[in-house]
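*Asks:* Below is upload-v9.pdb; it holds PDB, C-alpha atoms.
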ATOM      1  CA  MET A1145      16.574 102.222  88.988
ATOM      2  CA  LYS A1146      18.373 103.286  92.145
ATOM      3  CA  ASN A1147      21.324 105.650  92.404
ATOM      4  CA  GLY A1148      24.162 104.932  94.896
ATOM      5  CA  PHE A1149      25.257 102.058  97.086
ATOM      6  CA  THR A1150      23.702 100.453 100.101
ATOM      7  CA  LEU A1151      25.407 100.439 103.475
ATOM      8  CA  VAL A1152      26.020  96.676 103.248
ATOM      9  CA  GLU A1153      27.797  97.036  99.901
ATOM     10  CA  LEU A1154      30.067  99.771 101.318
ATOM     11  CA  LEU A1155      30.919  97.650 104.375
ATOM     12  CA  VAL A1156      31.784  94.650 102.190
ATOM     13  CA  VAL A1157      34.126  96.783 100.057
ATOM     14  CA  LEU A1158      35.798  98.258 103.166
ATOM     15  CA  LEU A1159      36.247  94.756 104.594
ATOM     16  CA  ILE A1160      37.898  93.537 101.371
ATOM     17  CA  ILE A1161      40.218  96.572 101.288
ATOM     18  CA  SER A1162      41.263  96.118 104.941
ATOM     19  CA  ILE A1163      42.012  92.405 104.476
ATOM     20  CA  ALA A1164      44.028  93.115 101.326
ATOM     21  CA  SER A1165      46.023  95.906 102.987
ATOM     22  CA  ALA A1166      46.733  93.741 106.041
ATOM     23  CA  TRP A1167      48.245  91.173 103.703
ATOM     24  CA  VAL A1168      50.091  93.519 101.298
ATOM     25  CA  ILE A1169      51.529  96.309 103.519
ATOM     26  CA  PRO A1170      53.888  94.078 105.578
ATOM     27  CA  ARG A1171      55.401  92.801 102.331
ATOM     28  CA  PHE A1172      56.344  96.353 101.362
ATOM     29  CA  VAL A1173      57.582  97.435 104.800
ATOM     30  CA  ARG A1174      59.837  94.419 105.479
ATOM     31  CA  PRO A1175      62.486  95.280 102.828
ATOM     32  CA  LEU A1176      62.789  98.826 104.172
ATOM     33  CA  GLY A1177      64.457  97.515 107.351
ATOM     34  CA  GLY A1178      67.315  96.193 105.221
ATOM     35  CA  LEU A1179      67.861  99.608 103.639
ATOM     36  CA  GLU A1180      69.104 101.059 106.915
ATOM     37  CA  VAL A1181      71.692  98.289 107.244
ATOM     38  CA  LYS A1182      72.770  98.637 103.622
ATOM     39  CA  SER A1183      73.117 102.416 103.858
ATOM     40  CA  ALA A1184      75.240 102.075 107.027
ATOM     41  CA  ALA A1185      77.487  99.541 105.281
ATOM     42  CA  ARG A1186      77.840 101.816 102.238
ATOM     43  CA  HIS A1187      78.655 104.799 104.434
ATOM     44  CA  VAL A1188      81.382 102.822 106.208
ATOM     45  CA  LEU A1189      82.712 101.627 102.841
ATOM     46  CA  SER A1190      83.034 105.203 101.563
ATOM     47  CA  SER A1191      84.545 106.357 104.881
ATOM     48  CA  LEU A1192      87.195 103.638 104.770
ATOM     49  CA  ARG A1193      88.038 104.458 101.154
ATOM     50  CA  TYR A1194      88.323 108.114 102.155
ATOM     51  CA  ALA A1195      90.606 107.177 105.073
ATOM     52  CA  ARG A1196      92.906 105.155 102.804
ATOM     53  CA  ASN A1197      93.108 107.888 100.175
ATOM     54  CA  LEU A1198      93.779 110.519 102.819
ATOM     55  CA  SER A1199      96.489 108.381 104.381
ATOM     56  CA  VAL A1200      98.297 108.018 101.067
ATOM     57  CA  SER A1201      97.900 111.652  99.998
ATOM     58  CA  GLN A1202      98.883 113.180 103.359
ATOM     59  CA  LYS A1203     101.497 110.526 104.170
ATOM     60  CA  SER A1204     100.087 109.975 107.648
ATOM     61  CA  VAL A1205      98.503 107.161 109.632
ATOM     62  CA  ILE A1206      94.703 107.249 109.645
ATOM     63  CA  LEU A1207      92.637 105.243 112.149
ATOM     64  CA  ALA A1208      89.134 103.956 111.564
ATOM     65  CA  HIS A1209      87.894 103.435 115.115
ATOM     66  CA  PHE A1210      84.708 101.394 115.556
ATOM     67  CA  ASP A1211      83.149 102.124 118.934
ATOM     68  CA  LEU A1212      80.715  99.245 119.480
ATOM     69  CA  ALA A1213      79.519 100.517 122.849
ATOM     70  CA  GLY A1214      78.853 104.013 121.496
ATOM     71  CA  HIS A1215      77.503 102.693 118.175
ATOM     72  CA  ARG A1216      79.723 104.906 116.021
ATOM     73  CA  LEU A1217      82.669 105.135 113.649
ATOM     74  CA  ILE A1218      85.371 107.727 114.225
ATOM     75  CA  ILE A1219      88.018 108.478 111.599
ATOM     76  CA  VAL A1220      91.083 110.182 113.115
ATOM     77  CA  ALA A1221      94.519 111.193 111.831
ATOM     78  CA  GLU A1222      97.658 110.862 113.909
ATOM     79  CA  GLU A1223      99.190 114.317 114.223
ATOM     80  CA  ALA A1224     102.535 113.280 115.709
ATOM     81  CA  GLN A1225     105.442 113.015 113.296
ATOM     82  CA  ASN A1226     106.761 109.796 114.878
ATOM     83  CA  PRO A1227     103.766 108.098 116.475
ATOM     84  CA  GLY A1228     105.829 105.092 117.544
ATOM     85  CA  ALA A1229     104.382 101.633 117.860
ATOM     86  CA  PRO A1230     100.715 101.567 116.880
ATOM     87  CA  GLY A1231      98.620 100.809 119.913
ATOM     88  CA  LEU A1232      94.889 100.667 120.244
ATOM     89  CA  ARG A1233      93.334 103.487 122.222
ATOM     90  CA  ARG A1234      89.887 103.758 123.693
ATOM     91  CA  THR A1235      87.375 106.184 122.232
ATOM     92  CA  ASP A1236      87.629 108.672 125.101
ATOM     93  CA  PHE A1237      91.440 108.722 124.748
ATOM     94  CA  LEU A1238      91.179 109.518 121.022
ATOM     95  CA  LEU A1239      88.718 112.336 121.590
ATOM     96  CA  GLN A1240      90.576 113.893 124.540
ATOM     97  CA  ASN A1241      94.088 113.842 123.031
ATOM     98  CA  LYS A1242      93.650 116.382 120.273
ATOM     99  CA  ASN A1243      97.393 117.051 120.217
ATOM    100  CA  ARG A1244      98.013 113.547 118.928
ATOM    101  CA  TYR A1245      94.776 112.766 117.065
ATOM    102  CA  ARG A1246      92.673 114.968 114.784
ATOM    103  CA  MET A1247      89.083 113.898 114.215
ATOM    104  CA  LEU A1248      88.144 113.765 110.534
ATOM    105  CA  GLU A1249      84.740 112.117 110.678
ATOM    106  CA  ASN A1250      82.266 110.946 113.291
ATOM    107  CA  TYR A1251      79.364 108.758 112.159
ATOM    108  CA  ASP A1252      76.691 107.526 114.578
ATOM    109  CA  PHE A1253      74.925 104.312 113.628
ATOM    110  CA  SER A1254      71.260 103.664 114.248
ATOM    111  CA  GLU A1255      70.481 101.450 117.232
ATOM    112  CA  ASP A1256      68.792  99.038 114.799
ATOM    113  CA  VAL A1257      72.080  98.359 112.996
ATOM    114  CA  GLU A1258      74.284  95.744 114.633
ATOM    115  CA  ILE A1259      78.026  96.017 113.974
ATOM    116  CA  LYS A1260      80.363  93.049 114.406
ATOM    117  CA  ASN A1261      84.107  92.738 114.131
ATOM    118  CA  ALA A1262      84.949  90.283 111.356
ATOM    119  CA  GLY A1263      88.700  90.014 111.517
ATOM    120  CA  ALA A1264      89.981  93.503 112.357
ATOM    121  CA  TYR A1265      92.628  93.694 115.085
ATOM    122  CA  GLN A1266      91.214  93.915 118.583
ATOM    123  CA  PRO A1267      92.968  93.447 121.942
ATOM    124  CA  ARG A1268      92.046  90.315 123.871
ATOM    125  CA  ASN A1269      90.248  91.960 126.751
ATOM    126  CA  GLU A1270      88.450  94.604 124.700
ATOM    127  CA  THR A1271      84.999  93.903 123.298
ATOM    128  CA  ASP A1272      83.633  97.422 122.913
ATOM    129  CA  PHE A1273      85.927  98.705 120.144
ATOM    130  CA  PHE A1274      88.307  97.755 117.332
ATOM    131  CA  GLN A1275      90.361  99.660 114.791
ATOM    132  CA  ILE A1276      91.591  99.484 111.234
ATOM    133  CA  ARG A1277      94.779 101.434 110.499
ATOM    134  CA  PHE A1278      95.701 102.874 107.117
ATOM    135  CA  PHE A1279      99.379 103.563 106.418
ATOM    136  CA  PRO A1280     100.994 106.065 104.002
ATOM    137  CA  SER A1281     102.136 103.201 101.748
ATOM    138  CA  GLY A1282      98.494 102.325 101.031
ATOM    139  CA  ARG A1283      98.552  99.223 103.221
ATOM    140  CA  SER A1284      96.316  98.646 106.201
ATOM    141  CA  THR A1285      95.891  96.312 109.135
ATOM    142  CA  GLY A1286      93.006  94.781 107.170
ATOM    143  CA  GLY A1287      89.966  93.007 108.471
ATOM    144  CA  GLY A1288      86.262  93.251 108.049
ATOM    145  CA  VAL A1289      83.072  94.625 109.529
ATOM    146  CA  VAL A1290      79.686  92.868 109.378
ATOM    147  CA  PHE A1291      76.421  94.817 109.495
ATOM    148  CA  ALA A1292      73.159  93.143 110.481
ATOM    149  CA  GLY A1293      69.687  94.321 111.331
ATOM    150  CA  GLN A1294      66.104  93.177 111.481
ATOM    151  CA  SER A1295      66.172  91.726 107.989
ATOM    152  CA  LYS A1296      67.959  88.485 107.171
ATOM    153  CA  THR A1297      70.372  90.234 104.828
ATOM    154  CA  ARG A1298      73.781  91.061 106.249
ATOM    155  CA  TYR A1299      76.570  93.060 104.642
ATOM    156  CA  ARG A1300      80.311  92.774 105.081
ATOM    157  CA  VAL A1301      82.902  95.447 104.389
ATOM    158  CA  ASN A1302      86.293  93.828 103.737
ATOM    159  CA  ILE A1303      89.604  95.678 103.913
ATOM    160  CA  ASP A1304      92.576  94.028 102.225
ATOM    161  CA  PHE A1305      95.679  94.280 104.383
ATOM    162  CA  ILE A1306      98.089  94.474 101.434
ATOM    163  CA  THR A1307      96.357  97.060  99.249
ATOM    164  CA  GLY A1308      94.141  98.698 101.883
ATOM    165  CA  MET A1309      91.239  98.616  99.414
ATOM    166  CA  ALA A1310      87.726  98.260 100.850
ATOM    167  CA  SER A1311      84.927  96.277  99.241
ATOM    168  CA  LEU A1312      81.306  95.547 100.082
ATOM    169  CA  SER A1313      79.651  92.138  99.826
ATOM    170  CA  GLN A1314      76.359  90.602 100.884
ATOM    171  CA  VAL A1315      76.572  87.790 103.439
ATOM    172  CA  ASP A1316      73.997  85.005 103.251
TER     173      ASP A1316
END
Would it be possible to restate this file's structure as structure tokens?
*Replies:*
Amino acid sequence: MKNGFTLVELLVVLLIISIASAWVIPRFVRPLGGLEVKSAARHVLSSLRYARNLSVSQKSVILAHFDLAGHRLIIVAEEAQNPGAPGLRRTDFLLQNKNRYRMLENYDFSEDVEIKNAGAYQPRNETDFFQIRFFPSGRSTGGGVVFAGQSKTRYRVNIDFITGMASLSQVD
């Protein structure tokens, strides 16, 4: 009776393990790409809910500024008592005019997460940013934001223009 394994038996076992892992590991890694997109969508959802609640409690206009070129979300509060007609401002304008805008949150998205405007107000000639405004009455300008990534699953954050409430849904 012999004790141990031969070299051929060990090589056969290693070959079987490598083939099995080459087939199984990609099936576990693929869903992880969708987690980054989902976490970004959930973060934006909570940020927009925070912006609405802050707008109502502080009785001020809060802007959720999506900078597509910079891949980030900036939540700012208007500091002026009478801000006048709401106009869209570029990201650099918001950050440089601290006397009119106070930054509340700045969230940088991963480069793997693609953000698309899905109905939020955006000027005609602007493609690198859009905004959603929350008013002291609880209303908003409304709209939506779609998040996509490497996986097929996409998520949409909807903001109702009457109630200002934000909700998250999966887009097929």
*Asks:* Hey, can you check how far CA of Ser1281 in chain A sits from CA of Val1188 in chain A?
*Replies:*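 Distance between the two atoms: 21.2 Å.
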*Asks:* Given the file above and the PyMOL selection byres ((chain A and resi 1212-1218) around 9), which residues are selected, and can you give them as a list in words?
*Replies:*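 Selected by the PyMOL selection byres ((chain A and resi 1212-1218) around 9) in this file: Val1188, Leu1207, Ala1208, His1209, Phe1210, Asp1211, Ile1219, Val1220, Thr1235, Met1247, Leu1248, Glu1249, Asn1250, Tyr1251, Asp1252, Phe1253, Ser1254, Glu1255, Val1257, Glu1258, Ile1259, Lys1260, Thr1271, Asp1272, Phe1273 and Phe1274 of chain A.
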*Asks:* I need the output of the PyMOL selection byres ((chain A and resi 1290) around 8) for this file as a ChimeraX atom specification; which residues are they?
*Replies:* /A:1259-1262,1288-1289,1291-1292,1298-1301
*Asks:* If you measure from CA of Gly1178 in chain A to CA of Gln1314 in chain A, what distance in Å do you get, rounded to one decimal?
*Replies:*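 Between CA of Gly1178 in chain A and CA of Gln1314 in chain A the gap is 11.5 Å.
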*Asks:* Record the distance separating CA of Ile1206 in chain A and CA of Ser1313 in chain A, expressed in Å with one decimal.
*Replies:*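 Computed distance, CA of Ile1206 in chain A to CA of Ser1313 in chain A, equals 23.5 Å.
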*Asks:* What are the closest atom pairs, with distances in Å to one decimal, for all residues of range 1200-1311 of chain A lying within 12 Å of range 1150-1174 of chain A? Consider all atoms listed in the file, order rows by chain and residue number, and present the result as JSON lines.
*Replies:*
{"residue": "A:Gly1293", "atom": "CA", "partner": "A:Arg1174", "partner_atom": "CA", "distance": 11.5}
{"residue": "A:Gln1294", "atom": "CA", "partner": "A:Arg1174", "partner_atom": "CA", "distance": 8.8}
{"residue": "A:Ser1295", "atom": "CA", "partner": "A:Arg1174", "partner_atom": "CA", "distance": 7.3}
{"residue": "A:Lys1296", "atom": "CA", "partner": "A:Arg1174", "partner_atom": "CA", "distance": 10.2}
{"residue": "A:Thr1297", "atom": "CA", "partner": "A:Arg1174", "partner_atom": "CA", "distance": 11.4}
*Asks:* So, with only C-alpha atoms as the atoms that count, which of A:Ser1191, A:Asn1197, A:Ser1183, A:Thr1285 lies closest to Gln1266 in chain A?
*Replies:*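 Looking at the shortest contact to Gln1266 in chain A, the residue is A:Thr1285.
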*Asks:* I need the output of the PyMOL selection byres ((chain A and resi 1203) around 12) for this file as number ranges by chain; which residues are they?
*Replies:* A: 1195-1202, 1204-1206, 1221-1226, 1278-1283
*Asks:* Rank A:Tyr1265, A:Arg1246, A:Gly1308, A:Asp1256 by their smallest atom-to-atom distance to Glu1180 in chain A, using only C-alpha atoms, and report the top residue only.
*Replies:* A:Asp1256
*Asks:* For Leu1312 in chain A, which of A:Glu1270, A:Leu1179, A:Asn1147, A:Arg1186 is the closest residue, counting only C-alpha atoms?
*Replies:*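 For Leu1312 in chain A, the nearest of the candidates is A:Arg1186.
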*Asks:* Counting all atoms listed in the file, which residue out of A:Phe1149, A:Asn1269, A:Ala1185, A:Gly1287 sits closest to Val1315 in chain A?
*Replies:*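 Distance minimum relative to Val1315 in chain A lands on A:Ala1185.
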*Asks:* Which of these, A:Arg1268, A:His1187, A:Arg1277, A:Lys1182, has the shortest distance to Phe1305 in chain A once you count all atoms listed in the file?
*Replies:*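 Checking each candidate against Phe1305 in chain A, we get A:Arg1277 as the closest.
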